[in-house]
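Coordinates from target_9.cif are shown below (mmCIF, C-alpha atoms and all ligand atoms).
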data_query
#
loop_
_atom_site.group_PDB
_atom_site.id
_atom_site.type_symbol
_atom_site.label_atom_id
_atom_site.label_comp_id
_atom_site.auth_asym_id
_atom_site.auth_seq_id
_atom_site.Cartn_x
_atom_site.Cartn_y
_atom_site.Cartn_z
ATOM 1 C CA MET F 1 -57.073 26.449 -54.834
ATOM 2 C CA LEU F 2 -56.150 28.327 -51.640
ATOM 3 C CA ASN F 3 -55.078 31.921 -50.995
ATOM 4 C CA ALA F 4 -51.288 31.804 -51.252
ATOM 5 C CA SER F 5 -48.135 33.851 -51.565
ATOM 6 C CA GLY F 6 -44.506 33.267 -52.516
ATOM 7 C CA GLU F 7 -41.420 35.379 -51.984
ATOM 8 C CA SER F 8 -37.990 35.804 -53.556
ATOM 9 C CA PHE F 9 -35.079 38.260 -53.507
ATOM 10 C CA ALA F 10 -32.972 40.354 -55.833
ATOM 11 C CA LYS F 11 -29.627 38.795 -56.696
ATOM 12 C CA ILE F 12 -26.201 40.165 -57.414
ATOM 13 C CA ILE F 13 -23.510 38.201 -59.176
ATOM 14 C CA LEU F 14 -20.314 38.918 -57.239
ATOM 15 C CA ILE F 15 -18.114 37.297 -59.856
ATOM 16 C CA GLY F 16 -18.298 34.729 -62.658
ATOM 17 C CA GLU F 17 -21.027 35.944 -65.018
ATOM 18 C CA HIS F 18 -20.775 34.756 -68.639
ATOM 19 C CA ALA F 19 -18.029 32.235 -67.852
ATOM 20 C CA VAL F 20 -20.655 30.397 -65.746
ATOM 21 C CA VAL F 21 -22.598 29.662 -68.949
ATOM 22 C CA TYR F 22 -19.539 27.646 -70.096
ATOM 23 C CA GLY F 23 -19.061 25.589 -66.938
ATOM 24 C CA GLN F 24 -16.904 27.919 -64.834
ATOM 25 C CA PRO F 25 -17.987 28.601 -61.215
ATOM 26 C CA ALA F 26 -19.681 31.804 -60.082
ATOM 27 C CA ILE F 27 -20.460 33.439 -56.736
ATOM 28 C CA ALA F 28 -23.767 35.254 -56.331
ATOM 29 C CA LEU F 29 -25.764 36.596 -53.424
ATOM 30 C CA PRO F 30 -29.400 37.199 -52.629
ATOM 31 C CA VAL F 31 -30.126 40.776 -51.532
ATOM 32 C CA LYS F 32 -32.771 40.157 -48.911
ATOM 33 C CA THR F 33 -33.632 43.829 -48.499
ATOM 34 C CA ILE F 34 -34.892 43.926 -52.120
ATOM 35 C CA ARG F 35 -37.890 41.592 -52.292
ATOM 36 C CA LEU F 36 -40.513 40.322 -54.686
ATOM 37 C CA THR F 37 -43.849 38.812 -53.647
ATOM 38 C CA ALA F 38 -46.418 36.893 -55.704
ATOM 39 C CA THR F 39 -49.915 36.643 -54.213
ATOM 40 C CA ILE F 40 -52.603 34.322 -55.559
ATOM 41 C CA THR F 41 -56.284 34.753 -54.753
ATOM 42 C CA PRO F 42 -58.746 32.227 -56.241
ATOM 43 C CA ARG F 43 -61.675 33.590 -58.339
ATOM 44 C CA THR F 44 -64.982 31.811 -58.828
ATOM 45 C CA ASP F 45 -65.713 33.349 -62.276
ATOM 46 C CA GLY F 46 -62.921 31.448 -64.062
ATOM 47 C CA GLN F 47 -60.996 34.602 -65.027
ATOM 48 C CA GLN F 48 -57.202 34.338 -64.829
ATOM 49 C CA LEU F 49 -55.885 37.851 -64.178
ATOM 50 C CA ILE F 50 -52.366 39.160 -63.621
ATOM 51 C CA THR F 51 -51.283 42.467 -62.079
ATOM 52 C CA SER F 52 -47.599 43.401 -62.163
ATOM 53 C CA THR F 53 -45.401 46.384 -63.019
ATOM 54 C CA PHE F 54 -44.733 45.191 -66.550
ATOM 55 C CA TYR F 55 -47.978 43.375 -67.362
ATOM 56 C CA ARG F 56 -51.606 43.824 -66.398
ATOM 57 C CA GLY F 57 -54.304 41.696 -68.001
ATOM 58 C CA SER F 58 -55.403 38.146 -68.687
ATOM 59 C CA LEU F 59 -53.117 35.124 -68.707
ATOM 60 C CA GLN F 60 -54.245 34.382 -72.247
ATOM 61 C CA ALA F 61 -53.227 37.807 -73.611
ATOM 62 C CA ALA F 62 -49.883 37.617 -71.752
ATOM 63 C CA ALA F 63 -48.574 35.079 -74.273
ATOM 64 C CA THR F 64 -47.553 37.881 -76.642
ATOM 65 C CA SER F 65 -46.248 40.303 -73.997
ATOM 66 C CA ALA F 66 -42.988 40.848 -72.097
ATOM 67 C CA PHE F 67 -44.602 38.550 -69.552
ATOM 68 C CA ALA F 68 -44.659 35.622 -72.014
ATOM 69 C CA GLY F 69 -42.027 33.583 -70.160
ATOM 70 C CA ILE F 70 -43.890 33.762 -66.850
ATOM 71 C CA ALA F 71 -47.232 33.168 -68.634
ATOM 72 C CA HIS F 72 -45.794 30.010 -70.188
ATOM 73 C CA LEU F 73 -44.586 28.888 -66.751
ATOM 74 C CA LEU F 74 -48.007 29.619 -65.213
ATOM 75 C CA ARG F 75 -49.801 27.544 -67.832
ATOM 76 C CA ALA F 76 -47.397 24.657 -67.253
ATOM 77 C CA LEU F 77 -48.030 24.879 -63.499
ATOM 78 C CA LEU F 78 -51.827 24.958 -63.965
ATOM 79 C CA THR F 79 -51.604 21.887 -66.194
ATOM 80 C CA PHE F 80 -49.427 20.129 -63.614
ATOM 81 C CA PHE F 81 -52.023 20.785 -60.905
ATOM 82 C CA GLY F 82 -54.915 19.772 -63.215
ATOM 83 C CA ALA F 83 -56.359 23.284 -62.938
ATOM 84 C CA ARG F 84 -56.264 24.791 -66.444
ATOM 85 C CA GLN F 85 -59.718 26.396 -65.937
ATOM 86 C CA GLN F 86 -59.144 27.613 -62.370
ATOM 87 C CA GLY F 87 -59.844 31.351 -61.942
ATOM 88 C CA PHE F 88 -57.375 33.489 -59.969
ATOM 89 C CA ASP F 89 -55.873 36.905 -59.412
ATOM 90 C CA LEU F 90 -52.070 36.880 -59.440
ATOM 91 C CA LYS F 91 -50.470 40.031 -58.056
ATOM 92 C CA ILE F 92 -46.734 40.579 -58.266
ATOM 93 C CA THR F 93 -45.204 43.274 -56.072
ATOM 94 C CA SER F 94 -41.526 43.916 -56.707
ATOM 95 C CA ALA F 95 -38.841 46.254 -55.432
ATOM 96 C CA LEU F 96 -36.442 44.894 -58.084
ATOM 97 C CA PRO F 97 -35.681 47.095 -61.060
ATOM 98 C CA PRO F 98 -36.432 45.020 -64.187
ATOM 99 C CA GLU F 99 -33.674 44.278 -66.721
ATOM 100 C CA ARG F 100 -30.853 45.486 -64.497
ATOM 101 C CA GLY F 101 -29.042 42.224 -63.878
ATOM 102 C CA MET F 102 -30.707 41.860 -60.478
ATOM 103 C CA GLY F 103 -32.568 38.720 -61.449
ATOM 104 C CA SER F 104 -36.042 40.211 -61.858
ATOM 105 C CA SER F 105 -37.285 37.488 -64.218
ATOM 106 C CA ALA F 106 -35.901 34.610 -62.135
ATOM 107 C CA ALA F 107 -37.211 36.209 -58.933
ATOM 108 C CA THR F 108 -40.674 36.484 -60.494
ATOM 109 C CA ALA F 109 -40.591 32.846 -61.579
ATOM 110 C CA THR F 110 -39.389 31.722 -58.124
ATOM 111 C CA ALA F 111 -42.143 33.593 -56.273
ATOM 112 C CA VAL F 112 -44.829 32.395 -58.732
ATOM 113 C CA VAL F 113 -43.816 28.729 -58.396
ATOM 114 C CA ARG F 114 -43.739 29.023 -54.597
ATOM 115 C CA ALA F 115 -47.167 30.693 -54.532
ATOM 116 C CA MET F 116 -48.694 28.063 -56.857
ATOM 117 C CA TYR F 117 -47.382 25.151 -54.814
ATOM 118 C CA GLN F 118 -48.782 26.783 -51.685
ATOM 119 C CA ALA F 119 -52.106 27.447 -53.464
ATOM 120 C CA PHE F 120 -52.359 23.705 -54.151
ATOM 121 C CA ALA F 121 -51.049 22.751 -50.676
ATOM 122 C CA THR F 122 -48.105 20.859 -52.158
ATOM 123 C CA PRO F 123 -44.603 20.747 -50.624
ATOM 124 C CA LEU F 124 -41.894 22.080 -52.942
ATOM 125 C CA ALA F 125 -38.347 20.702 -52.962
ATOM 126 C CA HIS F 126 -35.633 23.206 -53.955
ATOM 127 C CA ALA F 127 -34.464 21.091 -56.920
ATOM 128 C CA THR F 128 -38.071 20.974 -58.194
ATOM 129 C CA LEU F 129 -38.329 24.757 -57.876
ATOM 130 C CA LEU F 130 -35.180 25.172 -59.991
ATOM 131 C CA ARG F 131 -36.566 22.844 -62.687
ATOM 132 C CA TRP F 132 -39.724 24.977 -62.920
ATOM 133 C CA THR F 133 -37.897 28.327 -63.033
ATOM 134 C CA ALA F 134 -35.698 27.029 -65.857
ATOM 135 C CA ILE F 135 -38.843 26.926 -68.044
ATOM 136 C CA SER F 136 -39.371 30.705 -68.134
ATOM 137 C CA GLU F 137 -35.660 31.558 -67.954
ATOM 138 C CA LYS F 138 -34.967 29.449 -71.023
ATOM 139 C CA LEU F 139 -37.653 31.253 -72.979
ATOM 140 C CA LEU F 140 -36.266 34.642 -71.925
ATOM 141 C CA HIS F 141 -32.501 34.080 -72.070
ATOM 142 C CA GLY F 142 -31.972 31.313 -74.589
ATOM 143 C CA ASN F 143 -29.140 29.614 -72.686
ATOM 144 C CA PRO F 144 -29.456 30.395 -68.964
ATOM 145 C CA SER F 145 -26.920 28.881 -66.566
ATOM 146 C CA GLY F 146 -29.550 28.676 -63.805
ATOM 147 C CA LEU F 147 -27.502 30.967 -61.559
ATOM 148 C CA ASP F 148 -30.233 33.631 -61.329
ATOM 149 C CA ALA F 149 -32.924 31.207 -60.219
ATOM 150 C CA ALA F 150 -30.583 29.502 -57.744
ATOM 151 C CA THR F 151 -29.730 32.824 -56.103
ATOM 152 C CA THR F 152 -33.127 34.564 -56.075
ATOM 153 C CA SER F 153 -34.498 31.484 -54.259
ATOM 154 C CA ALA F 154 -31.631 31.284 -51.727
ATOM 155 C CA THR F 155 -31.084 33.025 -48.385
ATOM 156 C CA ARG F 156 -27.260 32.796 -48.333
ATOM 157 C CA PRO F 157 -24.517 33.633 -50.895
ATOM 158 C CA GLN F 158 -24.175 30.802 -53.386
ATOM 159 C CA TRP F 159 -21.293 28.978 -55.050
ATOM 160 C CA PHE F 160 -22.734 27.875 -58.364
ATOM 161 C CA VAL F 161 -21.582 25.561 -61.140
ATOM 162 C CA ARG F 162 -23.929 24.831 -64.030
ATOM 163 C CA ASN F 163 -25.763 21.492 -63.763
ATOM 164 C CA GLN F 164 -24.630 21.014 -60.168
ATOM 165 C CA ALA F 165 -26.585 21.628 -56.982
ATOM 166 C CA PRO F 166 -25.697 25.140 -55.723
ATOM 167 C CA HIS F 167 -24.365 25.439 -52.186
ATOM 168 C CA ALA F 168 -24.014 28.229 -49.641
ATOM 169 C CA ILE F 169 -20.636 29.945 -49.315
ATOM 170 C CA ALA F 170 -19.595 31.903 -46.210
ATOM 171 C CA PHE F 171 -18.788 35.616 -46.455
ATOM 172 C CA PRO F 172 -16.633 37.663 -44.080
ATOM 173 C CA THR F 173 -18.539 39.929 -41.689
ATOM 174 C CA ASN F 174 -16.626 43.068 -42.690
ATOM 175 C CA GLY F 175 -16.697 44.481 -46.211
ATOM 176 C CA SER F 176 -19.506 46.147 -48.079
ATOM 177 C CA LEU F 177 -20.735 46.258 -51.662
ATOM 178 C CA VAL F 178 -22.159 49.229 -53.474
ATOM 179 C CA ILE F 179 -24.515 48.373 -56.332
ATOM 180 C CA ALA F 180 -25.165 51.133 -58.855
ATOM 181 C CA ASP F 181 -27.568 51.284 -61.784
ATOM 182 C CA THR F 182 -26.493 52.847 -65.092
ATOM 183 C CA GLY F 183 -30.190 53.495 -65.787
ATOM 184 C CA ILE F 184 -29.814 51.615 -69.050
ATOM 185 C CA PRO F 185 -31.582 48.234 -69.367
ATOM 186 C CA GLY F 186 -29.186 45.303 -69.505
ATOM 187 C CA GLN F 187 -29.640 42.881 -72.387
ATOM 188 C CA THR F 188 -29.069 39.388 -71.091
ATOM 189 C CA LYS F 189 -30.066 37.553 -74.254
ATOM 190 C CA ALA F 190 -28.009 39.848 -76.529
ATOM 191 C CA ALA F 191 -24.985 39.770 -74.207
ATOM 192 C CA VAL F 192 -25.010 35.969 -73.902
ATOM 193 C CA ALA F 193 -25.332 35.735 -77.701
ATOM 194 C CA ALA F 194 -22.498 38.258 -78.220
ATOM 195 C CA VAL F 195 -20.122 36.183 -76.087
ATOM 196 C CA ALA F 196 -21.200 33.002 -77.906
ATOM 197 C CA SER F 197 -20.458 34.573 -81.282
ATOM 198 C CA ARG F 198 -17.025 35.817 -80.146
ATOM 199 C CA LEU F 199 -16.225 32.329 -78.938
ATOM 200 C CA GLN F 200 -17.230 30.865 -82.248
ATOM 201 C CA GLN F 201 -15.306 33.403 -84.305
ATOM 202 C CA ALA F 202 -12.105 33.529 -82.249
ATOM 203 C CA PRO F 203 -11.986 30.607 -79.779
ATOM 204 C CA ALA F 204 -8.220 30.841 -79.262
ATOM 205 C CA THR F 205 -8.534 34.429 -77.981
ATOM 206 C CA ASN F 206 -11.771 34.121 -76.056
ATOM 207 C CA GLN F 207 -11.592 30.709 -74.347
ATOM 208 C CA PRO F 208 -8.655 31.896 -72.188
ATOM 209 C CA ARG F 209 -10.735 34.918 -71.148
ATOM 210 C CA LEU F 210 -13.447 32.649 -69.769
ATOM 211 C CA ALA F 211 -10.814 30.483 -68.080
ATOM 212 C CA ALA F 212 -9.293 33.620 -66.520
ATOM 213 C CA ILE F 213 -12.702 34.580 -65.115
ATOM 214 C CA GLY F 214 -13.058 31.054 -63.665
ATOM 215 C CA GLN F 215 -9.634 31.369 -62.073
ATOM 216 C CA ALA F 216 -10.571 34.774 -60.597
ATOM 217 C CA VAL F 217 -13.732 33.198 -59.107
ATOM 218 C CA ARG F 218 -11.689 30.450 -57.402
ATOM 219 C CA GLN F 219 -9.240 33.057 -56.062
ATOM 220 C CA ALA F 220 -12.200 35.172 -54.890
ATOM 221 C CA ALA F 221 -13.541 32.183 -52.921
ATOM 222 C CA LEU F 222 -10.146 31.800 -51.240
ATOM 223 C CA ALA F 223 -10.087 35.538 -50.478
ATOM 224 C CA LEU F 224 -13.583 35.345 -48.937
ATOM 225 C CA ALA F 225 -12.542 32.404 -46.757
ATOM 226 C CA ALA F 226 -9.373 34.256 -45.665
ATOM 227 C CA ASP F 227 -11.244 37.515 -44.978
ATOM 228 C CA ASP F 228 -8.916 39.180 -47.495
ATOM 229 C CA LEU F 229 -10.908 42.037 -49.039
ATOM 230 C CA VAL F 230 -7.920 43.512 -50.876
ATOM 231 C CA LYS F 231 -7.377 40.219 -52.703
ATOM 232 C CA LEU F 232 -11.116 39.922 -53.372
ATOM 233 C CA GLY F 233 -11.137 43.417 -54.891
ATOM 234 C CA ALA F 234 -8.239 42.511 -57.179
ATOM 235 C CA GLN F 235 -10.210 39.483 -58.459
ATOM 236 C CA LEU F 236 -13.228 41.685 -59.203
ATOM 237 C CA ASN F 237 -10.971 43.958 -61.259
ATOM 238 C CA THR F 238 -9.513 40.977 -63.134
ATOM 239 C CA ALA F 239 -13.001 39.735 -63.985
ATOM 240 C CA GLN F 240 -13.973 43.209 -65.241
ATOM 241 C CA THR F 241 -10.913 43.344 -67.521
ATOM 242 C CA GLN F 242 -11.941 40.014 -69.059
ATOM 243 C CA LEU F 243 -15.626 40.955 -69.353
ATOM 244 C CA ALA F 244 -14.658 44.187 -71.126
ATOM 245 C CA ALA F 245 -12.435 42.177 -73.492
ATOM 246 C CA LEU F 246 -15.413 39.904 -74.195
ATOM 247 C CA GLY F 247 -17.333 43.020 -75.284
ATOM 248 C CA VAL F 248 -20.074 43.166 -72.630
ATOM 249 C CA SER F 249 -19.041 46.330 -70.779
ATOM 250 C CA THR F 250 -20.237 49.738 -71.994
ATOM 251 C CA PRO F 251 -19.006 53.346 -71.639
ATOM 252 C CA ALA F 252 -21.675 53.993 -68.958
ATOM 253 C CA LEU F 253 -20.524 50.940 -66.950
ATOM 254 C CA ASP F 254 -16.852 51.865 -67.453
ATOM 255 C CA ARG F 255 -17.523 55.398 -66.186
ATOM 256 C CA LEU F 256 -19.168 54.161 -62.969
ATOM 257 C CA ILE F 257 -16.462 51.526 -62.421
ATOM 258 C CA GLN F 258 -13.769 54.196 -62.802
ATOM 259 C CA ALA F 259 -15.598 56.579 -60.449
ATOM 260 C CA ALA F 260 -15.857 53.839 -57.792
ATOM 261 C CA ARG F 261 -12.154 52.995 -58.031
ATOM 262 C CA THR F 262 -11.222 56.689 -57.773
ATOM 263 C CA ALA F 263 -13.440 56.964 -54.678
ATOM 264 C CA GLY F 264 -11.493 54.188 -52.971
ATOM 265 C CA ALA F 265 -13.165 50.939 -54.054
ATOM 266 C CA LEU F 266 -10.981 47.839 -53.573
ATOM 267 C CA GLY F 267 -12.379 46.537 -56.854
ATOM 268 C CA ALA F 268 -15.273 47.192 -59.217
ATOM 269 C CA LYS F 269 -16.971 45.400 -62.094
ATOM 270 C CA LEU F 270 -20.217 45.081 -63.991
ATOM 271 C CA THR F 271 -22.716 42.605 -62.537
ATOM 272 C CA GLY F 272 -25.129 40.442 -64.514
ATOM 273 C CA SER F 273 -25.085 40.286 -68.272
ATOM 274 C CA GLY F 274 -23.690 43.767 -68.965
ATOM 275 C CA LEU F 275 -24.521 45.822 -72.090
ATOM 276 C CA GLY F 276 -26.266 48.112 -69.558
ATOM 277 C CA GLY F 277 -27.608 47.248 -66.125
ATOM 278 C CA CYS F 278 -25.667 47.522 -62.888
ATOM 279 C CA MET F 279 -22.106 47.534 -61.563
ATOM 280 C CA ILE F 280 -20.760 46.664 -58.112
ATOM 281 C CA ALA F 281 -17.895 48.101 -56.078
ATOM 282 C CA LEU F 282 -16.207 46.540 -53.044
ATOM 283 C CA ALA F 283 -15.515 48.738 -50.009
ATOM 284 C CA THR F 284 -13.651 47.984 -46.782
ATOM 285 C CA ASP F 285 -16.655 48.891 -44.620
ATOM 286 C CA HIS F 286 -20.040 50.611 -44.514
ATOM 287 C CA THR F 287 -18.568 54.125 -44.234
ATOM 288 C CA ALA F 288 -16.208 53.672 -47.184
ATOM 289 C CA ALA F 289 -19.172 52.293 -49.139
ATOM 290 C CA GLU F 290 -21.166 55.444 -48.407
ATOM 291 C CA THR F 291 -18.370 57.591 -49.875
ATOM 292 C CA ILE F 292 -18.290 55.392 -52.988
ATOM 293 C CA ALA F 293 -22.098 55.505 -53.245
ATOM 294 C CA GLN F 294 -21.979 59.305 -53.272
ATOM 295 C CA ALA F 295 -19.294 59.324 -55.957
ATOM 296 C CA LEU F 296 -21.391 56.944 -58.065
ATOM 297 C CA THR F 297 -24.469 59.141 -57.781
ATOM 298 C CA GLN F 298 -22.344 62.122 -58.847
ATOM 299 C CA ALA F 299 -21.009 60.106 -61.772
ATOM 300 C CA GLY F 300 -24.561 59.556 -63.027
ATOM 301 C CA ALA F 301 -25.852 56.361 -61.355
ATOM 302 C CA THR F 302 -29.666 56.433 -61.384
ATOM 303 C CA ALA F 303 -29.988 54.255 -58.276
ATOM 304 C CA VAL F 304 -27.526 53.043 -55.643
ATOM 305 C CA TRP F 305 -27.893 50.262 -53.053
ATOM 306 C CA GLN F 306 -25.579 49.174 -50.273
ATOM 307 C CA TYR F 307 -25.019 45.592 -49.161
ATOM 308 C CA ASP F 308 -22.921 45.043 -46.035
ATOM 309 C CA PHE F 309 -21.443 41.531 -45.991
ATOM 310 C CA VAL F 310 -22.751 41.065 -42.447
ATOM 311 C CA GLN F 311 -26.240 40.915 -44.044
ATOM 312 C CA SER F 312 -25.316 37.627 -45.730
ATOM 313 C CA GLU F 313 -25.413 35.807 -42.405
ATOM 314 C CA GLU F 314 -28.608 37.412 -41.112
ATOM 315 C CA GLN F 315 -31.896 35.569 -41.244
ATOM 316 C CA GLN F 316 -34.697 37.357 -43.085
HETATM 317 O O1 LIG J 1 -28.309 39.758 -66.454
HETATM 318 P P1 LIG J 1 -28.629 38.675 -65.514
HETATM 319 O O2 LIG J 1 -28.775 39.102 -64.099
HETATM 320 O O3 LIG J 1 -29.783 37.845 -65.959
HETATM 321 O O4 LIG J 1 -27.352 37.714 -65.415
HETATM 322 C C1 LIG J 1 -26.961 36.938 -66.488
HETATM 323 C C2 LIG J 1 -25.783 36.119 -66.091
HETATM 324 C C3 LIG J 1 -25.099 35.434 -67.267
HETATM 325 O O5 LIG J 1 -23.989 34.718 -66.731
HETATM 326 C C4 LIG J 1 -24.584 36.455 -68.258
HETATM 327 C C5 LIG J 1 -26.022 34.462 -67.977
HETATM 328 C C6 LIG J 1 -26.420 33.253 -67.167
HETATM 329 O O6 LIG J 1 -27.414 32.620 -67.548
HETATM 330 O O7 LIG J 1 -25.731 32.896 -66.189
#
Let me see the structure of the file written as structure tokens.
Amino acid sequence: MLNASGESFAKIILIGEHAVVYGQPAIALPVKTIRLTATITPRTDGQQLITSTFYRGSLQAAATSAFAGIAHLLRALLTFFGARQQGFDLKITSALPPERGMGSSAATATAVVRAMYQAFATPLAHATLLRWTAISEKLLHGNPSGLDAATTSATRPQWFVRNQAPHAIAFPTNGSLVIADTGIPGQTKAAVAAVASRLQQAPATNQPRLAAIGQAVRQAALALAADDLVKLGAQLNTAQTQLAALGVSTPALDRLIQAARTAGALGAKLTGSGLGGCMIALATDHTAAETIAQALTQAGATAVWQYDFVQSEEQQ
């Protein structure tokens, strides 16, 4: 085993969450200014130790912790490399807030897989990376679409359809997003299960909602290609209406979304699973985004980030 490190980014779902679980497309983007790094240092005493914000201790004890998904992935990787007994220190440094719909778990898995492959001097194809990250995501989410892992491992905005290879999608150079945190943990597993149960109980009402989200995603892609931010904003609002009808918005999210619209946002919606977590607002430019960011802080957001679309084309 060699000294190694792997990196990944925060992700934001622009549009398409929940419907993407049922085969509709989604658009998501890596936020390259919010990074996560996994560093592996071999140990000669056989101890397998992990240091991260939400778990500190041995790999063995991690099986019953919030880190269980990543621990399971790590064991599978060690088995794959024939190194079950190999000692190491794994350190995870993250600027991503956990459980906020920014892809913290997928970003951790991505960086860990990259670091392990580097530690064993093995080239890693992107499709292989996505197969590995699905292991921990499945344990955490139940029925993950794979969108999180695809985006936290990408450098460009992604057009994603479940069970298809994701591909990069071009963004306009103007336009800016404000991302705001309600301060309340999102609940991906519960939210995905809530939508599933609504679908089962009232398919005739809820299937069209998912289809409407899919349609909004396709229109959003056209708006992005045409540099039409007003149309893009309208699609974000449509998606939010449908997500609220599916029961995954909350009063805290609704309050921030309303505050952003009042402050001039072209559109605003929750991002990620909902039931807490973050929302996004679309602004015409960086200055308009700053005004919206201020309004969101005043409305109670616990953290605010800005993402100018021009960033999507920049190299890291
Ligand atoms: O809350 P997050 O960032 O893990 O996003 C979940 C996105 C969903 O569409 C709700 C689920 C999925 O697996 O795509």
**Study point:** segment 64-71 of chain F surroundings by only C-alpha atoms, 12 Å radius, close-in-sequence under 5 positions cut, as number ranges by chain
**Key:** F: 38, 48-59, 76-78, 90, 92, 98-99, 104-113, 132-142
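The residues sitting within 6 Å of ligand LIG 1 (chain J), with only C-alpha atoms and all ligand atoms considered, come out as Glu17, His18, Val20, Val21, Gly101, Met102, Gly103, Pro144, Ser145, Gly146, Leu147, Thr188, Val192, Gly272 and Ser273 of chain F.
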Check your understanding: Using all atoms listed in the file, which residues sit within 12 Å of Gln311 of chain F once same-chain residues fewer than 5 positions away are excluded, as a list in words?
Key ->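 So, after excluding close chain neighbours, the residues are Leu29, Pro30, Val31, Lys32, Thr33, Thr155, Arg156, Pro157, Ala170, Phe171, Pro172, Thr173, Asn174, Gly175, Ser176, Leu177, His286, Gln306 and Gln316 of chain F.
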Review point. Care to translate the PyMOL selection byres (((chain F and resi 283) around 9) and not hetatm) into actual residues of this file, as number ranges by chain?
Key: F: 175-178, 229, 233, 264-267, 281-282, 284-290, 292
Practice item. Go ahead and compute the interatomic distance for atom CA of Ala196 of chain F and atom CA of Leu246 of chain F, in Å to one decimal. Key: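 These two atoms are separated by 9.7 Å.
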Exercise for review: Name the residues that the PyMOL selection byres (((chain F and resi 7) around 7) and not hetatm) picks from the file above, as a PyMOL selection string, using the file's chain letters and numbers.
Suggested key: chain F and resi 5-6+8+36-38+111
Review point. Taking the file as shown, what set of residues would the PyMOL selection byres (((chain F and resi 165) around 10) and not hetatm) give back, as an MDAnalysis selection string?
Key: chainID F and resid 126:127 130 150 159:164 166:167
Please define a box with edges along x, y and z of the file around all atoms of segment 41-56 of chain F given in the file, extend it by 6 Å on each side, and return its centre and edge lengths in Å to one decimal, as AutoDock Vina command-line options.
--center_x -55.2 --center_y 38.9 --center_z -61.1 --size_x 33.0 --size_y 26.9 --size_z 24.6
Exercise for review: Measuring atom to atom with all atoms listed in the file, identify which of F:Gln60, F:Gln242, F:Ser312, F:Thr297 is nearest to Gly214 of chain F.
Suggested key: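 Answer, going by the shortest atom-to-atom distance: F:Gln242.
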Point to revise | atom CA of Leu222 of chain F to atom CA of Gly16 of chain F, distance in Å rounded to a single decimal | key: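 Taking atom CA of Leu222 of chain F as the start and atom CA of Gly16 of chain F as the end point, the length is 14.3 Å.
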Check your understanding: From the list F:Ala225, F:Ala28, F:Met1, F:Ala252, which residue is nearest Ala154 of chain F when using all atoms listed in the file?
Key ->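 Answer, going by the shortest atom-to-atom distance: F:Ala28.
Shortest separation to Leu275 of chain F among F:Arg100, F:Arg261, F:Arg35, F:Lys11 occurs at residue F:Arg100, atoms counted being only C-alpha atoms.
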